[in-house]
Each structure stands twice: as C-alpha cells, then as structure tokens.
Amino acid sequence: MEEEAEDYLMDLVDRNLLAVADRRSDGGIKSCHLHDLLRELCLKKANEEGFFKKITISDCNSFSTSSIKKQRRLITDFRLLCSFCQDSPTHIRSVLCFHYYGAHTLPDYRMQWEFFLLLRVLDLLNVPMKSYKLGKRLRKLVHLKYLAVYLLSKNDYPFSDAYCEFSISKAYIWSLQTLILGGEFQIFNFSQENMANIVNLRHLWCDNINISIYFGVPLLKLQTISTLRLDCTTIIWQHSFPNIKKLGCSVSSISSDWAFLNFAMFTHLQALILQNDMDIPLPAKNPITLPETLKSLTLKGCRLPWIYMSTIQRLPKLEVLKLLDSSFEGDMWDAGDDKFHHLKLLKLQKLKIKFLEASSINFPNLRKLVVKTCKDLNEIPLVLGNISTLEHIEIDYSNIFIRESVNRIQEEQHAMGETMISMSPSVIHIQFSLRETLIMTNLPRSLCVKDEYIILDKISDVEEGTYKKGET
C-alpha cells in the first residue's frame, strides 16, 4: 500500500503539482510544498465535488450542520466537531483536527465518538486527551485504521509522570494499522491487553518518546516502530514482530549478556536506528549483531571502538550509514582495505575523531558525504574527491581544517572542469555538475499531518481506493 501511495505522490511531483521541499537518502520524498494558489484551487474543487469539507471557526456564521449531511471527509476545529455529534454523523469516514490547543488548554467539550461508527481516519494530534479515557471513548470504532492522538496524564499535567500508559484495552479497534502518539512524556507503556487489541498494526510512531512494549503478543504485520525502549528486562523481544522493516531503539540500562542487541533475527529489517541513552559505552566485544538485509544504519551515542566498523562493512546491502553523537570512540578511523560496496551516503556528526584514513577504494559507490560538528578532525582526505560516483559534499563552519580540505578538493575538481559550488550561511555544499544529483527518502508523517489536501488524497485511497494515477 505504501509503495503504491508513493507512486501517486511521485506522479503529482512529476506533473509539477507538488514541489519537493526535502529529500532523504533512501529513495522517496520527505516533505513537499503546495503553491498557495493551487491549494486554494484544490480546496475549492474538493468542496464543489464533495471530496471533503473544511470548516473553521470563522465559518460559524455561514455554516449549518445540514451542509455536512453527505460529507465523508471533514477538516474542522475540535469544538465544532463536538457540535456535529447531535446530528448522528454516521456517514463520516475521516476526521482531521488541525487547530492547536496546547498541552494545558484541554477543550472543555465531551466528544461522543460512538456516533462516528464508520470512522476510518482520526487525527487528533493537536487536541490533548486524557490517556486513561481513550479506550472507553474509542471502543466502538471497529473500522478505525489511522489514529493520531496527543495524550495527557491523569492529573492533566504533562510533566507529572515520565510514564504514560496507553490505554485501549476496552476499545475494539482491531482494524487499526497506523498509530501516531504525541505527549510530553519520556515513555509510552503498552500493556499485554493493549497489544492484543492492535494485532493488525503496521506502523507505530511516537515523536521523541520511547515505547515500552509487553513482549508476549506477536504483531506479525508490524513494519515500523519509531523508538523502542530496550533494557535489562527485555527478553526474547525479537519474536514479537518478526516482519519489522524499520526500527528505532534506545538502550536504557546495562545487561549481563546484552542479548537484546541481537538484530540478526529480523530477516526483513531494512532500516535501523540505535541510540545509547546511558552514560557508559556499549560493550566493545560483539556489541551488536546486524542482519544482512540492512540498507540503512544510524548509530547515536553508542561509543563503540572503530574496530567494530569491520562488522558494519560486511553488510552486503548497506546504502546509508550515519554515525552521530559519539557513536564511535577513538582518534582514528582507518578504513584500511575494507570496502563498503553499496554505500551511497556517509554522515559523520559530533564525533571526536582526529584522523580519517580512507580512499576511493573504500567507498566505490559513494554519492553523498556529510561531515558536521567534527571539531577535532584534521581534514577530509583529498582522494575522496576521486570517487567517480560522488555527487555531493556537505560540511558546516565548525572546523576550519575541514573547510580548507574541501576547498582543495574544489580546486582540483575545478581544474578538471567538473564542479559547481553553492553556499549558505551555515553549510557549504559542493556538487559535481557532470553527475546526476539524487537524494532519496520515505513518505513523511509531517506531510500526512500538516497538509490537508494531500492527507485526504491518501485517506481516500485508504478508504476506497478511488484515487486514480494520472488524475489531478
């Protein structure tokens, strides 16, 4: 489903109906822009054809509840939404509330979701809700596939507790496929009862929040987890979601055997983000076991020895490698004769490295090199400029020696007539003009949440599959 949706998005971009704002290193689009005039046209046409209805507070004087009798997709303010309940809106399939109330301004309105019996998409990420009442309020939404909510603690004070219990044990939302959680907590806790109710879940996302899961109920369809909390109590957790493709993990405590850092069992895993939240390094001897299917690896704060890089180098499909926030310790990274055969992007950020010994032999297919906030690094090896596939070098102004080495690479390339340079106040970009510039990514959650027209285009596809490729 995701692949087909991305094809539709690319079709809109190719026809200049959307402008790509940002791209990532793995393929698709990270975020898009829609021209304001085109947006107004889309809103007007959508309203005329009954595709969706957008109602704001400013529309109150001219609005009547009868105008939404046949609407199936609704964008509105939460306070206006509460007033629709009395008209039995059983025909509505999608509801999105984009007005931001703030964490301490919980709306004094009681929402009766039992009237929205056919609801499939519900986005309330900007409407704070009490976590312990969530399951009771959503218990009859058996068709719900997409849910985004912002949860408060029992006392309505976001910082009253570091943990938040995600309570849906009384909700019959077996069809749920995408769950997005917001809240000012450190950890969302999923109990055994909650896990049993979301067996069809495909994507679980929490912004900057760790997820603590009861590892007993296998989620065979789960493909994405944003940040999973791993500690000494985590035992044989790998069996809980064997088909995971994208996984983020944070290590929060030490262990005697570190068995929970064994990722080799995930035979479908393509992208892994591993972050160390402790003040001590991860174990130096065989600390992390990685699957051969991995295409993207991001390490944060792991404080591994550089000798472990030989293990990463042996990953046959690795295309993206990001080493961030002291992920490795030591003055020198000597790549030796090791080859990253398929690596396309290498990012070094906030590392205390002083010497980088590498050549074009080590990265035969590198397309983009990013070096930021490596204040002790003496230079970027000039021979990296000889990589035939290299398209882009990106640095910041934190290290004058790196800037000088990049200038030398620039001079050598300029002498060969192959470079074009663009500069911004904080970042220097070097682009090789004789080569194609491509940066790849994934369909973003920000696009789904913030752009009303685009998310409803996707939602209609979720609901009925009515969108046809090539249509405007």
# chains A, B, ... in the order shown; residues from 1 in each chain; ligands from 1
>>> residues_around(residues="stretch 174-177 of chain A", least_positions_apart="4", cutoff="6 Å", atoms="only C-alpha atoms", output="NGL selection string")
:A and (143-145 or 197-198 or 200-202)
>>> residues_around(residues="stretch 403-411 of chain A", least_positions_apart="3", cutoff="6 Å", atoms="only C-alpha atoms", output="mmCIF file with N, CA and C atoms, in the first residue's frame")
data_model
loop_
_atom_site.group_PDB
_atom_site.id
_atom_site.type_symbol
_atom_site.label_atom_id
_atom_site.label_comp_id
_atom_site.auth_asym_id
_atom_site.auth_seq_id
_atom_site.Cartn_x
_atom_site.Cartn_y
_atom_site.Cartn_z
ATOM 1 N N GLU A 379 41.202 16.767 8.576
ATOM 2 C CA GLU A 379 40.893 17.011 7.175
ATOM 3 C C GLU A 379 39.979 15.930 6.627
ATOM 4 N N ILE A 380 39.385 16.237 5.490
ATOM 5 C CA ILE A 380 38.726 15.215 4.677
ATOM 6 C C ILE A 380 39.739 14.789 3.628
ATOM 7 N N LEU A 382 41.810 14.098 0.551
ATOM 8 C CA LEU A 382 41.644 14.648 -0.793
ATOM 9 C C LEU A 382 41.291 13.569 -1.802
ATOM 10 N N GLY A 385 37.781 12.908 -3.256
ATOM 11 C CA GLY A 385 37.293 13.660 -4.397
ATOM 12 C C GLY A 385 37.425 12.909 -5.704
ATOM 13 N N ILE A 400 37.769 24.694 10.655
ATOM 14 C CA ILE A 400 38.440 25.396 9.563
ATOM 15 C C ILE A 400 39.297 24.445 8.722
ATOM 16 N N HIS A 414 37.739 21.807 -9.933
ATOM 17 C CA HIS A 414 37.574 22.975 -10.814
ATOM 18 C C HIS A 414 38.591 22.926 -11.953
#
>>> residues_around(residues="stretch 256-273 of chain A", least_positions_apart="3", cutoff="10 Å", atoms="only C-alpha atoms", output="ChimeraX atom specification")
/A:26,223-228,230-239,241-251,253,282-283,286-300,317-318,320,322
>>> atom_distance(atom1="atom CA of A:Val149", atom2="atom CA of A:Leu124")
4.8 Å
>>> closest_residue(among="A:Ser359, A:Asn365, A:Asn399, A:Asn194", to="A:Val383", atoms="only C-alpha atoms")
A:Ser359
>>> atom_distance(atom1="atom CA of A:Leu38", atom2="atom CA of A:Leu12")
12.4 Å
>>> residues_around(residues="A:Ala358", least_positions_apart="2", cutoff="8 Å", atoms="only C-alpha atoms", output="NGL selection string")
:A and (334-336 or 356 or 360-362 or 381 or 383-384)
>>> write_last_selection(atoms="all heavy atoms", output="compact mmCIF listing (two decimals), in the first residue's frame")
# COMPACT_ATOMS: atom_id res chain seq x y z
N ASP A 334 40.66 4.18 10.51
CA ASP A 334 41.46 3.73 9.39
C ASP A 334 40.64 2.68 8.65
O ASP A 334 40.47 1.55 9.12
CB ASP A 334 42.78 3.13 9.88
CG ASP A 334 43.72 2.79 8.73
OD1 ASP A 334 43.29 2.91 7.57
OD2 ASP A 334 44.87 2.39 9.01
N ALA A 335 40.13 3.05 7.48
CA ALA A 335 39.28 2.14 6.72
C ALA A 335 40.06 1.00 6.12
O ALA A 335 39.46 -0.01 5.72
CB ALA A 335 38.54 2.91 5.63
N GLY A 336 41.38 1.11 6.04
CA GLY A 336 42.20 0.04 5.51
C GLY A 336 41.80 -0.34 4.10
O GLY A 336 41.61 0.51 3.23
N LEU A 356 41.00 10.67 9.71
CA LEU A 356 40.22 9.79 8.85
C LEU A 356 41.11 9.33 7.71
O LEU A 356 41.53 10.13 6.87
CB LEU A 356 38.99 10.52 8.30
CG LEU A 356 38.16 9.78 7.25
CD1 LEU A 356 37.61 8.46 7.80
CD2 LEU A 356 37.02 10.66 6.75
N SER A 360 39.18 6.30 -2.26
CA SER A 360 38.08 5.95 -3.16
C SER A 360 37.86 4.44 -3.23
O SER A 360 36.78 3.98 -3.59
CB SER A 360 38.37 6.49 -4.57
OG SER A 360 39.61 5.98 -5.05
N ILE A 361 38.85 3.66 -2.85
CA ILE A 361 38.71 2.20 -2.85
C ILE A 361 37.69 1.77 -1.80
O ILE A 361 36.93 0.81 -2.00
CB ILE A 361 40.07 1.53 -2.58
CG1 ILE A 361 41.05 1.86 -3.71
CG2 ILE A 361 39.91 0.02 -2.42
CD1 ILE A 361 42.44 1.32 -3.48
N ASN A 362 37.66 2.48 -0.66
CA ASN A 362 36.76 2.10 0.43
C ASN A 362 35.30 2.40 0.12
O ASN A 362 34.41 1.70 0.63
CB ASN A 362 37.16 2.83 1.71
CG ASN A 362 38.60 2.59 2.10
OD1 ASN A 362 39.39 3.53 2.18
ND2 ASN A 362 38.97 1.33 2.33
N PRO A 381 40.05 13.49 3.55
CA PRO A 381 41.08 13.05 2.60
C PRO A 381 40.81 13.53 1.18
O PRO A 381 39.70 13.40 0.66
CB PRO A 381 41.00 11.52 2.70
CG PRO A 381 40.46 11.25 4.06
CD PRO A 381 39.51 12.37 4.35
N VAL A 383 41.74 12.33 -1.55
CA VAL A 383 41.50 11.26 -2.52
C VAL A 383 40.02 10.90 -2.61
O VAL A 383 39.60 10.26 -3.58
CB VAL A 383 42.31 10.01 -2.15
CG1 VAL A 383 43.80 10.25 -2.35
CG2 VAL A 383 42.03 9.57 -0.71
N LEU A 384 39.22 11.31 -1.63
CA LEU A 384 37.77 11.05 -1.70
C LEU A 384 37.15 11.83 -2.86
O LEU A 384 36.09 11.46 -3.36
CB LEU A 384 37.08 11.40 -0.38
CG LEU A 384 37.45 10.54 0.83
CD1 LEU A 384 36.64 10.96 2.05
CD2 LEU A 384 37.23 9.06 0.54
